[in-house]
>>> print(open('my_file12.cif').read())   # mmCIF, C-alpha atoms (C1' of nucleotides)
data_input
loop_
_atom_site.label_atom_id
_atom_site.label_comp_id
_atom_site.auth_asym_id
_atom_site.auth_seq_id
_atom_site.Cartn_x
_atom_site.Cartn_y
_atom_site.Cartn_z
CA MET A 1 23.85 -71.75 98.54
CA LEU A 2 26.28 -74.30 97.16
CA SER A 3 28.19 -76.66 99.40
CA ILE A 4 31.97 -76.66 99.55
CA PHE A 5 32.40 -79.60 97.19
CA GLU A 6 29.82 -78.18 94.79
CA VAL A 7 31.82 -74.98 94.64
CA LEU A 8 35.02 -76.89 93.92
CA SER A 9 33.34 -79.02 91.26
CA LEU A 10 33.57 -76.26 88.66
CA PRO A 11 37.05 -75.96 87.08
CA ALA A 12 36.65 -72.22 86.55
CA ARG A 13 36.16 -71.73 90.27
CA ARG A 14 39.15 -73.88 91.14
CA GLU A 15 41.22 -71.72 88.81
CA ILE A 16 40.05 -68.61 90.61
CA ILE A 17 41.08 -70.15 93.91
CA GLU A 18 44.48 -71.01 92.48
CA ARG A 19 44.99 -67.46 91.26
CA LEU A 20 44.03 -66.08 94.65
CA ARG A 21 46.67 -68.26 96.26
CA LEU A 22 49.24 -65.79 94.94
CA GLY A 23 47.49 -62.88 96.59
CA PRO A 24 44.36 -60.66 96.40
CA ARG A 25 42.96 -59.79 93.01
CA SER A 26 40.28 -57.44 91.73
CA VAL A 27 37.32 -58.64 89.68
CA SER A 28 38.57 -57.28 86.38
CA GLU A 29 42.06 -58.66 86.97
CA LEU A 30 40.66 -62.14 87.49
CA ALA A 31 38.32 -61.79 84.53
CA ASP A 32 41.21 -60.81 82.27
CA GLU A 33 43.56 -63.51 83.55
CA LEU A 34 41.03 -66.29 83.15
CA GLY A 35 39.45 -64.95 79.96
CA VAL A 36 35.87 -64.60 81.09
CA SER A 37 33.48 -61.67 81.11
CA GLN A 38 33.20 -59.45 84.15
CA PRO A 39 29.59 -60.41 85.03
CA ILE A 40 30.44 -64.09 84.98
CA MET A 41 33.49 -63.49 87.15
CA SER A 42 31.34 -61.52 89.58
CA LYS A 43 28.94 -64.44 89.76
CA HIS A 44 31.70 -66.94 90.42
CA LEU A 45 33.08 -64.72 93.14
CA ARG A 46 29.61 -64.38 94.63
CA VAL A 47 29.38 -68.16 94.90
CA LEU A 48 32.86 -68.39 96.37
CA ARG A 49 32.00 -65.66 98.85
CA ASP A 50 28.75 -67.32 99.95
CA ALA A 51 30.63 -70.54 100.63
CA GLY A 52 33.34 -68.74 102.59
CA PHE A 53 36.17 -69.29 100.12
CA VAL A 54 36.91 -65.60 99.70
CA SER A 55 36.49 -62.32 101.54
CA VAL A 56 36.14 -58.89 99.94
CA ARG A 57 37.72 -55.56 100.75
CA ALA A 58 36.32 -52.44 99.11
CA ASP A 59 38.67 -49.77 97.74
CA ALA A 60 36.80 -47.08 95.79
CA GLN A 61 35.20 -48.94 92.89
CA ARG A 62 37.63 -51.83 93.18
CA ARG A 63 36.84 -54.96 95.17
CA TRP A 64 39.85 -56.94 96.36
CA TYR A 65 39.08 -60.61 96.77
CA GLU A 66 41.22 -62.61 99.16
CA LEU A 67 41.41 -66.36 99.72
CA ARG A 68 40.22 -67.77 103.06
CA ALA A 69 41.40 -71.02 104.57
CA GLU A 70 38.28 -72.30 106.35
CA PRO A 71 36.57 -74.22 103.51
CA LEU A 72 39.88 -75.75 102.47
CA ILE A 73 40.40 -76.85 106.05
CA GLU A 74 37.04 -78.58 105.93
CA VAL A 75 38.10 -80.49 102.84
CA ALA A 76 41.33 -81.48 104.54
CA GLN A 77 39.39 -82.66 107.58
CA TRP A 78 37.00 -84.67 105.46
CA LEU A 79 40.00 -86.26 103.78
CA GLU A 80 41.80 -87.10 107.00
CA PRO A 81 40.16 -90.49 107.76
CA TYR A 82 41.32 -91.76 104.37
CA ARG A 83 45.00 -90.81 104.53
CA TRP A 84 46.06 -94.19 105.91
CA MET A 85 45.01 -95.67 102.58
CA TRP A 86 48.04 -94.25 100.79
CA GLU A 87 50.41 -93.01 103.49
CA HIS A 88 51.20 -96.46 104.94
CA ARG A 89 51.32 -98.41 101.74
CA LEU A 90 54.86 -98.73 100.41
CA ASP A 91 56.80 -98.12 103.60
CA ARG A 92 56.79 -101.69 104.85
CA LEU A 93 53.92 -101.69 107.31
CA GLY A 94 54.25 -105.46 107.67
CA ASP A 95 57.88 -105.16 108.78
CA ARG A 96 56.93 -102.54 111.31
CA LEU A 97 54.31 -104.81 112.84
CA ASP A 98 56.84 -107.65 112.96
CA ALA A 99 59.33 -105.41 114.75
CA MET A 100 56.74 -104.37 117.31
CA ARG A 101 55.85 -107.98 118.00
CA ASP A 102 59.55 -108.90 118.33
CA GLU A 103 60.09 -106.17 120.91
CA GLU A 104 57.18 -107.53 122.88
CA THR A 105 58.05 -111.24 122.77
CA GLY A 106 61.80 -111.14 122.55
CA GLY A 107 61.92 -112.68 119.09
CA PRO A 108 59.96 -114.22 116.24
CA ARG A 109 57.74 -117.10 117.22
CA SER A 110 57.37 -119.04 113.99
CA MET B 1 32.15 -88.88 82.92
CA LEU B 2 32.10 -86.75 86.02
CA SER B 3 35.27 -85.24 87.44
CA ILE B 4 36.52 -86.13 90.89
CA PHE B 5 35.12 -83.02 92.56
CA GLU B 6 31.82 -83.42 90.75
CA VAL B 7 31.55 -86.92 92.12
CA LEU B 8 32.24 -85.68 95.65
CA SER B 9 29.76 -82.82 95.31
CA LEU B 10 26.80 -85.12 95.94
CA PRO B 11 26.29 -85.93 99.64
CA ALA B 12 24.84 -89.35 98.86
CA ARG B 13 28.04 -90.32 97.08
CA ARG B 14 30.21 -89.05 99.92
CA GLU B 15 28.16 -91.21 102.27
CA ILE B 16 28.79 -94.23 100.09
CA ILE B 17 32.51 -93.50 100.20
CA GLU B 18 32.37 -93.21 103.97
CA ARG B 19 30.61 -96.54 104.27
CA LEU B 20 33.15 -98.21 102.04
CA ARG B 21 35.92 -96.94 104.29
CA LEU B 22 34.90 -99.69 106.73
CA GLY B 23 35.27 -102.35 104.08
CA PRO B 24 33.70 -103.75 100.90
CA ARG B 25 29.93 -103.71 100.56
CA SER B 26 27.41 -105.18 98.14
CA VAL B 27 24.91 -103.03 96.27
CA SER B 28 21.89 -104.07 98.32
CA GLU B 29 23.77 -103.63 101.58
CA LEU B 30 24.64 -100.07 100.65
CA ALA B 31 21.13 -99.41 99.41
CA ASP B 32 19.66 -100.61 102.70
CA GLU B 33 22.14 -98.76 104.89
CA LEU B 34 21.65 -95.46 103.11
CA GLY B 35 17.92 -95.88 102.51
CA VAL B 36 17.82 -95.59 98.75
CA SER B 37 16.48 -97.90 96.05
CA GLN B 38 18.71 -100.47 94.43
CA PRO B 39 18.70 -98.91 90.94
CA ILE B 40 19.72 -95.54 92.33
CA MET B 41 22.49 -97.13 94.34
CA SER B 42 23.69 -98.94 91.22
CA LYS B 43 23.81 -95.64 89.38
CA HIS B 44 25.79 -93.94 92.12
CA LEU B 45 28.23 -96.81 92.14
CA ARG B 46 28.54 -96.59 88.39
CA VAL B 47 29.54 -92.95 88.67
CA LEU B 48 31.99 -93.75 91.46
CA ARG B 49 33.44 -96.57 89.38
CA ASP B 50 33.88 -94.44 86.27
CA ALA B 51 35.77 -91.87 88.31
CA GLY B 52 37.98 -94.53 89.89
CA PHE B 53 36.65 -94.23 93.41
CA VAL B 54 35.66 -97.88 93.65
CA SER B 55 36.51 -101.24 92.13
CA VAL B 56 34.17 -104.19 91.78
CA ARG B 57 34.63 -107.88 92.45
CA ALA B 58 31.99 -110.31 91.21
CA ASP B 59 30.81 -113.15 93.43
CA ALA B 60 27.84 -115.03 91.97
CA GLN B 61 25.07 -112.45 91.74
CA ARG B 62 26.73 -110.23 94.33
CA ARG B 63 29.05 -107.36 93.42
CA TRP B 64 31.48 -106.32 96.12
CA TYR B 65 32.46 -102.70 95.84
CA GLU B 66 35.73 -101.62 97.37
CA LEU B 67 37.15 -98.17 97.95
CA ARG B 68 40.21 -97.09 95.95
CA ALA B 69 42.69 -94.46 97.07
CA GLU B 70 43.71 -92.82 93.80
CA PRO B 71 41.01 -90.13 93.47
CA LEU B 72 41.36 -89.22 97.13
CA ILE B 73 45.09 -88.87 96.60
CA GLU B 74 44.38 -86.44 93.81
CA VAL B 75 42.25 -84.35 96.12
CA ALA B 76 45.01 -84.40 98.72
CA GLN B 77 47.53 -83.32 96.09
CA TRP B 78 45.30 -80.51 94.93
CA LEU B 79 44.97 -79.37 98.51
CA GLU B 80 48.69 -79.50 99.26
CA PRO B 81 49.69 -75.99 98.02
CA TYR B 82 47.16 -74.47 100.42
CA ARG B 83 48.18 -76.24 103.62
CA TRP B 84 50.53 -73.46 104.70
CA MET B 85 47.47 -71.26 105.10
CA TRP B 86 46.39 -73.02 108.27
CA GLU B 87 49.28 -75.21 109.36
CA HIS B 88 51.71 -72.41 110.21
CA ARG B 89 49.25 -70.00 111.70
CA LEU B 90 49.07 -70.30 115.46
CA ASP B 91 52.30 -72.13 116.17
CA ARG B 92 54.59 -69.13 116.39
CA LEU B 93 56.05 -69.00 112.92
CA GLY B 94 57.84 -65.78 113.82
CA ASP B 95 59.71 -67.42 116.68
CA ARG B 96 60.78 -70.28 114.44
CA LEU B 97 62.21 -67.89 111.88
CA ASP B 98 64.06 -66.05 114.64
CA ALA B 99 65.53 -69.32 115.89
CA MET B 100 66.71 -70.28 112.42
CA ARG B 101 68.37 -66.92 111.96
CA ASP B 102 70.07 -67.20 115.36
CA GLU B 103 71.54 -70.55 114.42
CA GLU B 104 72.93 -69.00 111.27
CA THR B 105 74.45 -65.82 112.75
CA GLY B 106 75.33 -66.99 116.23
CA GLY B 107 72.77 -64.73 117.91
CA PRO B 108 70.23 -61.94 117.43
CA ARG B 109 71.53 -58.94 115.56
CA SER B 110 69.20 -56.20 116.78
"C1'" DA C 1 13.47 -126.01 83.64
"C1'" DC C 2 11.67 -122.77 86.97
"C1'" DG C 3 11.53 -119.24 90.28
"C1'" DG C 4 13.84 -116.07 93.06
"C1'" DT C 5 17.73 -113.09 94.04
"C1'" DA C 6 21.05 -109.55 92.86
"C1'" DT C 7 22.34 -106.15 89.85
"C1'" DA C 8 22.53 -103.13 85.69
"C1'" DT C 9 20.47 -100.19 82.49
"C1'" DA C 10 16.99 -97.73 79.57
"C1'" DC C 11 13.64 -94.37 79.71
"C1'" DC C 12 11.29 -90.26 81.43
"C1'" DG C 13 10.36 -85.81 83.80
"C1'" DT C 14 12.08 -82.33 86.59
"C1'" DT C 15 15.10 -78.82 88.09
"C1'" DG C 16 18.74 -76.04 89.23
"C1'" DG C 17 23.27 -74.45 87.83
"C1'" DG C 18 25.78 -72.15 84.24
"C1'" DG C 19 26.74 -68.86 80.39
"C1'" DG C 20 25.22 -64.73 77.95
"C1'" DT C 21 23.48 -60.05 77.87
"C1'" DA C 22 21.47 -55.93 79.53
"C1'" DT C 23 20.91 -52.93 83.17
"C1'" DG C 24 21.50 -50.92 87.82
"C1'" DT C 25 24.69 -48.83 91.22
"C1'" DT C 26 28.57 -46.71 93.21
"C1'" DC C 27 32.46 -43.88 93.06
"C1'" DG C 28 36.26 -40.95 91.43
"C1'" DA C 29 38.05 -37.68 87.93
"C1'" DG C 30 37.74 -33.47 85.62
"C1'" DC D 1 27.42 -32.10 87.32
"C1'" DT D 2 28.61 -35.19 83.94
"C1'" DC D 3 31.19 -39.05 82.29
"C1'" DG D 4 33.34 -43.26 82.63
"C1'" DA D 5 35.29 -47.04 85.27
"C1'" DA D 6 34.38 -51.03 88.25
"C1'" DC D 7 31.29 -54.06 89.88
"C1'" DA D 8 26.74 -56.41 91.06
"C1'" DT D 9 22.51 -58.19 89.74
"C1'" DA D 10 18.27 -59.36 87.06
"C1'" DC D 11 16.63 -61.84 83.31
"C1'" DC D 12 16.90 -65.22 79.79
"C1'" DC D 13 17.70 -69.90 77.82
"C1'" DC D 14 19.87 -74.36 77.80
"C1'" DC D 15 21.38 -78.64 79.25
"C1'" DA D 16 22.90 -82.34 82.04
"C1'" DA D 17 22.50 -84.53 86.39
"C1'" DC D 18 19.40 -86.54 89.46
"C1'" DG D 19 15.46 -89.39 91.16
"C1'" DG D 20 11.84 -92.65 89.95
"C1'" DT D 21 10.16 -96.63 87.56
"C1'" DA D 22 10.13 -100.43 84.56
"C1'" DT D 23 12.73 -103.78 82.40
"C1'" DA D 24 16.72 -106.65 81.05
"C1'" DT D 25 20.43 -109.81 82.51
"C1'" DA D 26 22.98 -113.14 85.11
"C1'" DC D 27 23.26 -116.62 88.47
"C1'" DC D 28 21.98 -119.87 92.16
"C1'" DG D 29 19.01 -123.39 94.40
"C1'" DT D 30 15.62 -126.91 93.81
#
>>> encode(input="my_file12.cif", output="C-alpha cells")
Amino acid sequence: MLSIFEVLSLPARREIIERLRLGPRSVSELADELGVSQPIMSKHLRVLRDAGFVSVRADAQRRWYELRAEPLIEVAQWLEPYRWMWEHRLDRLGDRLDAMRDEETGGPRS
Amino acid sequence: MLSIFEVLSLPARREIIERLRLGPRSVSELADELGVSQPIMSKHLRVLRDAGFVSVRADAQRRWYELRAEPLIEVAQWLEPYRWMWEHRLDRLGDRLDAMRDEETGGPRS
DNA sequence: ACGGTATATACCGTTGGGGGTATGTTCGAG
DNA sequence: CTCGAACATACCCCCAACGGTATATACCGT
C-alpha cells in the first residue's frame, strides 16, 4: 500500500482529489472529466481508497466516491513544524522582540 | 527533475528535511545521523536541491545544506482549499451561523 | 608535492509503480 | 432470461527511481 505522500506524488491522483473537493463523483464521471479510461480510473481510486483519501458508497452499479479529510490532516500536521519559516518572515519579527524587551526593561538599553 | 510531492514521497528525504529544520548540516553529518552512505546522501541532497528544498553553502571541502521554505509553502498552498474539511467540524459551525444571522436581523426568526 | 578528507558523480542491477487491454462480476431494464 | 451498463481486477510490458559501488574532483594540512 502506498503512503500518503506517494499517493499525492502522482498528478493524476491530485486532480482526482481536487475534483472530489466539489462533491462525490462516480467512476465514469471522473474518467470522463479527466480523460482517462475507466480501468485506470478504478485503479487510481483503489489506491486512494487504500490510503484513506476516499470512501465509497454503492448505489446499484454506480459507486460514489467521496473525499475524506484524514490523510490531508496528516499532511497538514507534518507541515506544522515548518510554518514559522514563512509565517513570521515579513511581519517585523525583530521589532516585536524589541517591543517585548522594552516592556520588560522600561526602555531600550543601547 | 522530481516534483515537490515526489521528493516528499521518500521517507529518507523527509527525514533529511526534518533534520535540517534544526539548522544547517554537512553531508557527512547527515549521512552519519541517518545511517546511510555518503554517496547516497549526496544523491538525496541533489534531488532536494533540484526541487528547491535546500540551498548549499561551500566552506572548504564542507558543504552546508540549509532548508528553504518555498517548496513547503507550495504544499501549504495546495492544502489550503481543503482546510475547511477539518477546521470547522467540531466547533459548532451551526451556532456560529445562527449568531451571524441574529446580528443581521436583530434576533431569531423562527 | 603528498596524503587525507569531504563531496559529487558515473555506472550498474533491481524492482515496483504506472498505463494499456482483456476479462470477470454485479445489477437493473425490458 | 438476456442484454447492457458500471465497475473491479488480472495480466502484460515498460521505465525510471533507488541503492550499492567505484571513481573523479576539490581542498586543506604538513
>>> interface_residues(input="my_file12.cif", of="chain C", to="chain A", cutoff="9 Å", atoms="only C-alpha atoms (C1' of nucleotides)", output="JSON, numbers by chain")
{"C": [19, 20, 26, 27, 28]}
>>> write_last_selection(input="my_file12.cif", atoms="C-alpha atoms (C1' of nucleotides)", output="PDB file, keeping the file's coordinate frame")
ATOM      1  C1'  DG C  19      26.740 -68.860  80.390  1.00  0.00           C
ATOM      2  C1'  DG C  20      25.220 -64.730  77.950  1.00  0.00           C
ATOM      3  C1'  DT C  26      28.570 -46.710  93.210  1.00  0.00           C
ATOM      4  C1'  DC C  27      32.460 -43.880  93.060  1.00  0.00           C
ATOM      5  C1'  DG C  28      36.260 -40.950  91.430  1.00  0.00           C
TER       6       DG C  28
END
>>> calpha_fit_and_write(input="my_file12.cif", fixed="chain B", moving="chain A", output="CSV table (one decimal) with C-alpha atoms, in the frame of the given file")
chain,number,residue,atom,x,y,z
A,1,MET,CA,32.1,-88.8,83.0
A,2,LEU,CA,32.2,-86.7,86.1
A,3,SER,CA,35.4,-85.3,87.5
A,4,ILE,CA,36.7,-86.3,91.0
A,5,PHE,CA,35.4,-83.2,92.7
A,6,GLU,CA,32.0,-83.5,90.9
A,7,VAL,CA,31.7,-87.0,92.2
A,8,LEU,CA,32.4,-85.8,95.7
A,9,SER,CA,30.0,-82.9,95.5
A,10,LEU,CA,27.0,-85.1,96.1
A,11,PRO,CA,26.5,-85.9,99.8
A,12,ALA,CA,24.9,-89.3,99.0
A,13,ARG,CA,28.1,-90.3,97.1
A,14,ARG,CA,30.3,-89.2,100.0
A,15,GLU,CA,28.2,-91.3,102.3
A,16,ILE,CA,28.7,-94.3,100.1
A,17,ILE,CA,32.5,-93.7,100.2
A,18,GLU,CA,32.4,-93.5,103.9
A,19,ARG,CA,30.5,-96.8,104.2
A,20,LEU,CA,33.0,-98.5,101.9
A,21,ARG,CA,35.8,-97.3,104.2
A,22,LEU,CA,34.7,-100.1,106.6
A,23,GLY,CA,35.0,-102.7,103.9
A,24,PRO,CA,33.3,-104.0,100.7
A,25,ARG,CA,29.6,-103.9,100.4
A,26,SER,CA,27.0,-105.2,98.0
A,27,VAL,CA,24.5,-103.0,96.1
A,28,SER,CA,21.5,-104.0,98.2
A,29,GLU,CA,23.4,-103.6,101.4
A,30,LEU,CA,24.4,-100.1,100.6
A,31,ALA,CA,20.9,-99.3,99.4
A,32,ASP,CA,19.4,-100.5,102.6
A,33,GLU,CA,22.0,-98.7,104.8
A,34,LEU,CA,21.6,-95.4,103.1
A,35,GLY,CA,17.8,-95.7,102.5
A,36,VAL,CA,17.7,-95.3,98.8
A,37,SER,CA,16.3,-97.5,96.1
A,38,GLN,CA,18.4,-100.1,94.4
A,39,PRO,CA,18.4,-98.5,90.9
A,40,ILE,CA,19.6,-95.2,92.3
A,41,MET,CA,22.3,-96.9,94.3
A,42,SER,CA,23.4,-98.7,91.2
A,43,LYS,CA,23.6,-95.4,89.4
A,44,HIS,CA,25.7,-93.8,92.1
A,45,LEU,CA,28.0,-96.8,92.1
A,46,ARG,CA,28.3,-96.5,88.3
A,47,VAL,CA,29.4,-92.9,88.7
A,48,LEU,CA,31.9,-93.8,91.4
A,49,ARG,CA,33.2,-96.6,89.3
A,50,ASP,CA,33.7,-94.5,86.2
A,51,ALA,CA,35.7,-92.0,88.3
A,52,GLY,CA,37.8,-94.7,89.8
A,53,PHE,CA,36.5,-94.5,93.4
A,54,VAL,CA,35.4,-98.1,93.5
A,55,SER,CA,36.2,-101.4,92.0
A,56,VAL,CA,33.7,-104.3,91.6
A,57,ARG,CA,34.1,-108.0,92.2
A,58,ALA,CA,31.4,-110.3,90.9
A,59,ASP,CA,30.1,-113.2,93.1
A,60,ALA,CA,27.1,-114.9,91.6
A,61,GLN,CA,24.4,-112.2,91.4
A,62,ARG,CA,26.1,-110.2,94.0
A,63,ARG,CA,28.5,-107.3,93.2
A,64,TRP,CA,31.0,-106.4,95.9
A,65,TYR,CA,32.1,-102.8,95.7
A,66,GLU,CA,35.4,-101.9,97.2
A,67,LEU,CA,37.0,-98.5,97.8
A,68,ARG,CA,40.1,-97.5,95.8
A,69,ALA,CA,42.6,-94.9,97.0
A,70,GLU,CA,43.7,-93.3,93.7
A,71,PRO,CA,41.0,-90.5,93.4
A,72,LEU,CA,41.4,-89.7,97.1
A,73,ILE,CA,45.2,-89.4,96.5
A,74,GLU,CA,44.5,-86.9,93.8
A,75,VAL,CA,42.5,-84.8,96.2
A,76,ALA,CA,45.2,-85.0,98.7
A,77,GLN,CA,47.8,-83.9,96.1
A,78,TRP,CA,45.6,-81.0,95.0
A,79,LEU,CA,45.4,-79.9,98.6
A,80,GLU,CA,49.1,-80.2,99.3
A,81,PRO,CA,50.1,-76.7,98.1
A,82,TYR,CA,47.7,-75.1,100.6
A,83,ARG,CA,48.7,-77.0,103.7
A,84,TRP,CA,51.1,-74.3,104.8
A,85,MET,CA,48.1,-72.0,105.3
A,86,TRP,CA,47.0,-73.8,108.4
A,87,GLU,CA,49.9,-76.0,109.5
A,88,HIS,CA,52.3,-73.2,110.3
A,89,ARG,CA,49.9,-70.8,111.9
A,90,LEU,CA,49.8,-71.1,115.6
A,91,ASP,CA,53.1,-72.8,116.2
A,92,ARG,CA,55.2,-69.6,116.4
A,93,LEU,CA,56.6,-69.4,112.9
A,94,GLY,CA,58.0,-65.9,113.8
A,95,ASP,CA,60.0,-67.3,116.7
A,96,ARG,CA,61.4,-70.0,114.5
A,97,LEU,CA,62.6,-67.5,111.9
A,98,ASP,CA,64.2,-65.5,114.7
A,99,ALA,CA,66.0,-68.5,116.0
A,100,MET,CA,67.4,-69.3,112.6
A,101,ARG,CA,68.6,-65.8,112.1
A,102,ASP,CA,70.3,-65.9,115.6
A,103,GLU,CA,72.1,-69.1,114.7
A,104,GLU,CA,73.4,-67.5,111.6
A,105,THR,CA,74.5,-64.1,113.1
A,106,GLY,CA,75.4,-65.1,116.6
A,107,GLY,CA,72.6,-63.1,118.2
A,108,PRO,CA,69.8,-60.6,117.6
A,109,ARG,CA,70.8,-57.5,115.7
A,110,SER,CA,68.2,-54.9,116.8
>>> resolve_selection(input="my_file12.cif", expression="the PyMOL selection byres ((chain B) within 12 of (chain A))", output="PyMOL selection string")
chain B and resi 2-11+13-15+17-23+67-89
>>> resolve_selection(input="my_file12.cif", expression="the PyMOL selection byres ((chain D) within 10 of (chain A))", output="mmCIF file with C-alpha atoms (C1' of nucleotides), in the frame of the given file")
data_model
loop_
_atom_site.group_PDB
_atom_site.id
_atom_site.type_symbol
_atom_site.label_atom_id
_atom_site.label_comp_id
_atom_site.auth_asym_id
_atom_site.auth_seq_id
_atom_site.Cartn_x
_atom_site.Cartn_y
_atom_site.Cartn_z
ATOM 1 C "C1'" DA D 5 35.290 -47.040 85.270
ATOM 2 C "C1'" DA D 6 34.380 -51.030 88.250
ATOM 3 C "C1'" DC D 7 31.290 -54.060 89.880
ATOM 4 C "C1'" DA D 8 26.740 -56.410 91.060
ATOM 5 C "C1'" DT D 9 22.510 -58.190 89.740
#
>>> resolve_selection(input="my_file12.cif", expression="the PyMOL selection byres ((chain D and resi 11) around 10)", output="short mmCIF file (atom, residue, chain, number, x, y, z; two decimals) with C-alpha atoms (C1' of nucleotides), in the coordinates of the input")
data_model
loop_
_atom_site.label_atom_id
_atom_site.label_comp_id
_atom_site.auth_asym_id
_atom_site.auth_seq_id
_atom_site.Cartn_x
_atom_site.Cartn_y
_atom_site.Cartn_z
"C1'" DT C 21 23.48 -60.05 77.87
"C1'" DA C 22 21.47 -55.93 79.53
"C1'" DT C 23 20.91 -52.93 83.17
"C1'" DT D 9 22.51 -58.19 89.74
"C1'" DA D 10 18.27 -59.36 87.06
"C1'" DC D 12 16.90 -65.22 79.79
"C1'" DC D 13 17.70 -69.90 77.82
#
>>> atom_distance(input="my_file12.cif", atom1="CA of Glu66 in chain A", atom2="C1' of DG16 in chain C")
28.0 Å
>>> atom_distance(input="my_file12.cif", atom1="CA of Tyr65 in chain A", atom2="CA of Glu33 in chain A")
14.3 Å
>>> atom_distance(input="my_file12.cif", atom1="C1' of DT30 in chain D", atom2="C1' of DT7 in chain C")
22.2 Å
>>> residues_near_point(input="my_file12.cif", point="(14.9, -119.3, 89.9)", cutoff="12 Å", atoms="all atoms listed in the file", output="ChimeraX atom specification")
/C:1-6 /D:26-30
>>> write_last_selection(input="my_file12.cif", atoms="C-alpha atoms (C1' of nucleotides)", output="PDB file, in the frame of the given file")
ATOM      1  C1'  DA C   1      13.470-126.010  83.640  1.00  0.00           C
ATOM      2  C1'  DC C   2      11.670-122.770  86.970  1.00  0.00           C
ATOM      3  C1'  DG C   3      11.530-119.240  90.280  1.00  0.00           C
ATOM      4  C1'  DG C   4      13.840-116.070  93.060  1.00  0.00           C
ATOM      5  C1'  DT C   5      17.730-113.090  94.040  1.00  0.00           C
ATOM      6  C1'  DA C   6      21.050-109.550  92.860  1.00  0.00           C
TER       7       DA C   6
ATOM      8  C1'  DA D  26      22.980-113.140  85.110  1.00  0.00           C
ATOM      9  C1'  DC D  27      23.260-116.620  88.470  1.00  0.00           C
ATOM     10  C1'  DC D  28      21.980-119.870  92.160  1.00  0.00           C
ATOM     11  C1'  DG D  29      19.010-123.390  94.400  1.00  0.00           C
ATOM     12  C1'  DT D  30      15.620-126.910  93.810  1.00  0.00           C
TER      13       DT D  30
END
